[in-house]
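Q: Got a structure for you, written out below as structure tokens; questions coming shortly.
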Amino acid sequence: MRTTDRYDTVGGPARVPRAAHRAATTAYADSVRRGRTGGAVPRGQGAATIPTAGWRGGHRRAPSHGTLVGATAMVGLGWLLAILAAPHVDLSPAGRTVALFGHLTCLVVGFGAVLTVDWFSLRWLMRREPLDAVLNAARAAHPLIWLGLVGLVVSGAALGPDTSSALVWVKLFAVLAVGVNGLFLGRVRDRLVAAQGRPPWAALLPGVAAALTSQLGWWAATLIGFLSANR
């Protein structure tokens, strides 16, 4: 008996190798962009190879509304704890130098990853890159962005920000906005993946708004940090 016959008899989903899954998904996305989606899906691959809402590169599903709210609360709590702990951190001159170096390194890692994703997005808007290239770049840069952001918060708390300054509070809220916005971007990516062909403006506008919020937040935190360091 052939494997495909056994699959038809049992009726359960077959496990597709990861390489075959990615190849089939890319082929389907290419066919969507060329307007050739009328053909049947190759037998044995099933509907699992077609990107649907909640599909993120085949390795995890979209968070529910409750999960998103919980993640937002966790980001806010971490941000608040860092601010409350900052006045109690007393570093030696050598420790402060290490914390400053870590702060700058996390800025390079996080902000650099954001700029990379936004550059791919701009090239897609100019029709220089396919949408799947943008989504792949966003998925690959996602851990670096969060690593840089968390590192900025921790090292910034160790440096002891001057909370009596209004500019410092603007920087702190900019960092919080970047973190919450990063959670929202996951939903935006899901909508773009679910769209067939070129996404409508209803799906594009939230992505543009999230990208602008990210840029404003990162640039504000960078510029205010620069001004504070040179006072």
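Residue numbering restarts at 1 for every chain of the structure tokens, chains are lettered A, B, ... in their displayed order, and ligands are numbered from 1 as they appear.
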Could you give me, as a VMD selection string, the residues within 10 Å of Val117 of chain A, counting only C-alpha atoms and dropping anything in the same chain fewer than 6 positions from it?

A: chain A and resid 123 133 to 142 211

Q: If you keep N, CA and C atoms, can you produce a file of those selected residues as an mmCIF file, in the first residue's frame?

A:
data_model
loop_
_atom_site.group_PDB
_atom_site.id
_atom_site.type_symbol
_atom_site.label_atom_id
_atom_site.label_comp_id
_atom_site.auth_asym_id
_atom_site.auth_seq_id
_atom_site.Cartn_x
_atom_site.Cartn_y
_atom_site.Cartn_z
ATOM 1 N N ARG A 123 11.531 48.797 0.606
ATOM 2 C CA ARG A 123 11.809 48.215 -0.708
ATOM 3 C C ARG A 123 10.587 47.459 -1.240
ATOM 4 N N ALA A 133 9.817 38.202 1.549
ATOM 5 C CA ALA A 133 11.152 38.615 1.978
ATOM 6 C C ALA A 133 11.065 39.546 3.182
ATOM 7 N N VAL A 134 10.066 40.430 3.183
ATOM 8 C CA VAL A 134 9.875 41.335 4.311
ATOM 9 C C VAL A 134 9.494 40.552 5.566
ATOM 10 N N LEU A 135 8.573 39.593 5.412
ATOM 11 C CA LEU A 135 8.121 38.812 6.561
ATOM 12 C C LEU A 135 9.241 37.936 7.112
ATOM 13 N N ASN A 136 10.058 37.371 6.222
ATOM 14 C CA ASN A 136 11.196 36.573 6.680
ATOM 15 C C ASN A 136 12.213 37.428 7.424
ATOM 16 N N ALA A 137 12.466 38.639 6.910
ATOM 17 C CA ALA A 137 13.394 39.539 7.588
ATOM 18 C C ALA A 137 12.867 39.941 8.962
ATOM 19 N N ALA A 138 11.556 40.204 9.046
ATOM 20 C CA ALA A 138 10.960 40.571 10.330
ATOM 21 C C ALA A 138 11.046 39.420 11.329
ATOM 22 N N ARG A 139 10.784 38.199 10.852
ATOM 23 C CA ARG A 139 10.852 37.042 11.754
ATOM 24 C C ARG A 139 12.276 36.808 12.242
ATOM 25 N N ALA A 140 13.263 36.974 11.357
ATOM 26 C CA ALA A 140 14.650 36.750 11.749
ATOM 27 C C ALA A 140 15.159 37.837 12.701
ATOM 28 N N ALA A 141 14.693 39.078 12.495
ATOM 29 C CA ALA A 141 15.167 40.185 13.323
ATOM 30 C C ALA A 141 14.424 40.298 14.643
ATOM 31 N N HIS A 142 13.301 39.605 14.773
ATOM 32 C CA HIS A 142 12.465 39.716 15.974
ATOM 33 C C HIS A 142 13.241 39.448 17.272
ATOM 34 N N ALA A 211 5.180 50.923 12.025
ATOM 35 C CA ALA A 211 6.561 51.211 11.625
ATOM 36 C C ALA A 211 6.956 52.637 11.999
#

Q: Out of A:Gly110, A:Gly225, A:Pro93, A:Gly76, which residue has the shortest atom-to-atom distance to Trp169 of chain A when counting only C-alpha atoms?

A: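 Nearest candidate to Trp169 of chain A out of A:Gly110, A:Gly225, A:Pro93, A:Gly76: A:Gly225.
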
Q: Between A:Gly156, A:Gly112, A:Leu216, A:Thr163, which has the minimum distance to Val178 of chain A (counting only C-alpha atoms)?

A: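 The answer is A:Leu216, which sits nearest to Val178 of chain A.
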
Q: Tell me which protein, DNA and RNA residues are within 12 Å of segment 99-106 of chain A, counting only C-alpha atoms, leaving out same-chain ones fewer than 6 positions away, and put them as an MDAnalysis selection string.

A: chainID A and resid 89:93 112:113 144:161 218 221:222 225:226 229

Q: Take the selection from the previous step and output its residues with N, CA, C and O atoms, as a short mmCIF file (atom, residue, chain, number, x, y, z; two decimals), in the first residue's frame.

A:
data_model
loop_
_atom_site.label_atom_id
_atom_site.label_comp_id
_atom_site.auth_asym_id
_atom_site.auth_seq_id
_atom_site.Cartn_x
_atom_site.Cartn_y
_atom_site.Cartn_z
N VAL A 89 20.47 51.32 42.55
CA VAL A 89 21.66 50.72 41.94
C VAL A 89 22.82 51.70 42.08
O VAL A 89 22.73 52.87 41.67
N ASP A 90 23.89 51.25 42.72
CA ASP A 90 25.07 52.09 42.92
C ASP A 90 26.28 51.36 42.35
O ASP A 90 26.79 50.41 42.94
N LEU A 91 26.73 51.80 41.18
CA LEU A 91 27.84 51.14 40.50
C LEU A 91 29.14 51.90 40.72
O LEU A 91 29.14 53.14 40.88
N SER A 92 30.22 51.16 40.71
CA SER A 92 31.54 51.77 40.74
C SER A 92 31.83 52.41 39.38
O SER A 92 31.11 52.13 38.40
N PRO A 93 32.84 53.26 39.27
CA PRO A 93 33.17 53.84 37.96
C PRO A 93 33.41 52.78 36.88
O PRO A 93 32.98 52.94 35.74
N GLY A 112 19.44 48.64 15.08
CA GLY A 112 19.92 48.16 13.78
C GLY A 112 18.98 47.13 13.17
O GLY A 112 18.71 47.15 11.96
N ALA A 113 18.45 46.23 14.01
CA ALA A 113 17.50 45.24 13.51
C ALA A 113 16.21 45.90 13.04
O ALA A 113 15.63 45.51 12.01
N LEU A 144 16.45 39.75 17.87
CA LEU A 144 17.46 40.79 18.07
C LEU A 144 16.82 42.09 18.57
O LEU A 144 17.40 42.78 19.41
N ILE A 145 15.65 42.41 18.04
CA ILE A 145 14.97 43.63 18.48
C ILE A 145 14.63 43.55 19.96
O ILE A 145 14.88 44.49 20.74
N TRP A 146 14.06 42.42 20.39
CA TRP A 146 13.69 42.28 21.80
C TRP A 146 14.92 42.17 22.68
O TRP A 146 14.92 42.68 23.82
N LEU A 147 15.99 41.53 22.19
CA LEU A 147 17.22 41.46 22.97
C LEU A 147 17.79 42.85 23.20
O LEU A 147 18.20 43.20 24.32
N GLY A 148 17.80 43.66 22.14
CA GLY A 148 18.30 45.03 22.29
C GLY A 148 17.43 45.86 23.21
O GLY A 148 17.94 46.63 24.03
N LEU A 149 16.10 45.70 23.10
CA LEU A 149 15.20 46.51 23.92
C LEU A 149 15.31 46.14 25.40
O LEU A 149 15.40 47.03 26.27
N VAL A 150 15.32 44.84 25.71
CA VAL A 150 15.46 44.41 27.10
C VAL A 150 16.81 44.84 27.66
O VAL A 150 16.92 45.31 28.80
N GLY A 151 17.86 44.71 26.85
CA GLY A 151 19.18 45.14 27.29
C GLY A 151 19.24 46.63 27.56
O GLY A 151 19.90 47.07 28.51
N LEU A 152 18.55 47.42 26.74
CA LEU A 152 18.49 48.87 26.97
C LEU A 152 17.83 49.20 28.31
O LEU A 152 18.29 50.08 29.04
N VAL A 153 16.74 48.51 28.60
CA VAL A 153 16.02 48.78 29.85
C VAL A 153 16.88 48.41 31.06
O VAL A 153 17.00 49.19 32.02
N VAL A 154 17.50 47.25 31.01
CA VAL A 154 18.29 46.78 32.16
C VAL A 154 19.53 47.65 32.36
O VAL A 154 19.82 48.12 33.47
N SER A 155 20.27 47.88 31.29
CA SER A 155 21.49 48.70 31.41
C SER A 155 21.15 50.15 31.71
O SER A 155 21.89 50.83 32.44
N GLY A 156 20.01 50.65 31.17
CA GLY A 156 19.61 52.01 31.49
C GLY A 156 19.27 52.18 32.96
O GLY A 156 19.59 53.20 33.58
N ALA A 157 18.62 51.15 33.54
CA ALA A 157 18.32 51.20 34.98
C ALA A 157 19.61 51.18 35.80
O ALA A 157 19.72 51.85 36.82
N ALA A 158 20.61 50.41 35.34
CA ALA A 158 21.88 50.36 36.05
C ALA A 158 22.62 51.69 36.00
O ALA A 158 23.38 52.03 36.92
N LEU A 159 22.41 52.45 34.92
CA LEU A 159 23.07 53.75 34.79
C LEU A 159 22.41 54.83 35.64
O LEU A 159 22.95 55.94 35.76
N GLY A 160 21.23 54.56 36.19
CA GLY A 160 20.57 55.51 37.07
C GLY A 160 20.07 56.75 36.36
O GLY A 160 20.66 57.83 36.49
N PRO A 161 18.98 56.64 35.58
CA PRO A 161 18.46 57.83 34.88
C PRO A 161 17.96 58.88 35.86
O PRO A 161 17.46 58.57 36.95
N TRP A 218 12.36 54.78 18.74
CA TRP A 218 13.80 54.50 18.79
C TRP A 218 14.62 55.76 18.61
O TRP A 218 15.62 55.98 19.31
N ALA A 221 14.40 57.96 21.82
CA ALA A 221 15.24 57.43 22.90
C ALA A 221 16.72 57.66 22.62
O ALA A 221 17.50 57.99 23.52
N THR A 222 17.13 57.50 21.35
CA THR A 222 18.53 57.69 21.00
C THR A 222 18.96 59.14 21.15
O THR A 222 20.01 59.45 21.74
N GLY A 225 18.93 60.26 24.84
CA GLY A 225 20.09 59.68 25.52
C GLY A 225 21.38 60.40 25.16
O GLY A 225 22.24 60.62 26.01
N PHE A 226 21.51 60.79 23.90
CA PHE A 226 22.69 61.54 23.47
C PHE A 226 22.77 62.90 24.15
O PHE A 226 23.83 63.33 24.63
N ALA A 229 23.67 62.54 27.85
CA ALA A 229 25.07 62.16 28.09
C ALA A 229 26.02 63.33 27.90
O ALA A 229 27.12 63.34 28.46
#

Q: What separation in Å, quoted to one decimal, exists between atom CA of Leu227 of chain A and atom CA of Val180 of chain A?

A: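 Straight-line distance from atom CA of Leu227 of chain A to atom CA of Val180 of chain A works out to 24.6 Å.
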
Q: Just how far from atom CA of Leu125 of chain A is atom CA of Trp201 of chain A, in Å to one decimal?

A: 12.0 Å

Q: Give me the residues within 10 Å of Val75 of chain A as a PyMOL selection string, counting only C-alpha atoms and dropping any in the same chain fewer than 5 places off.

A: chain A and resi 69-70+80+150+176-177+179-180+183

Q: What is the distance between atom CA of Ala82 of chain A and atom CA of Pro206 of chain A, in Å to one decimal?

A: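 One can read the atom CA of Ala82 of chain A to atom CA of Pro206 of chain A distance as 29.5 Å.
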
Q: Taking the backbone alone, and naming residues the way the document does, which bits of segment 124-162 of chain A are alpha helix (DSSP H) by DSSP, as a PyMOL selection string?

A: chain A and resi 124-125+131-159
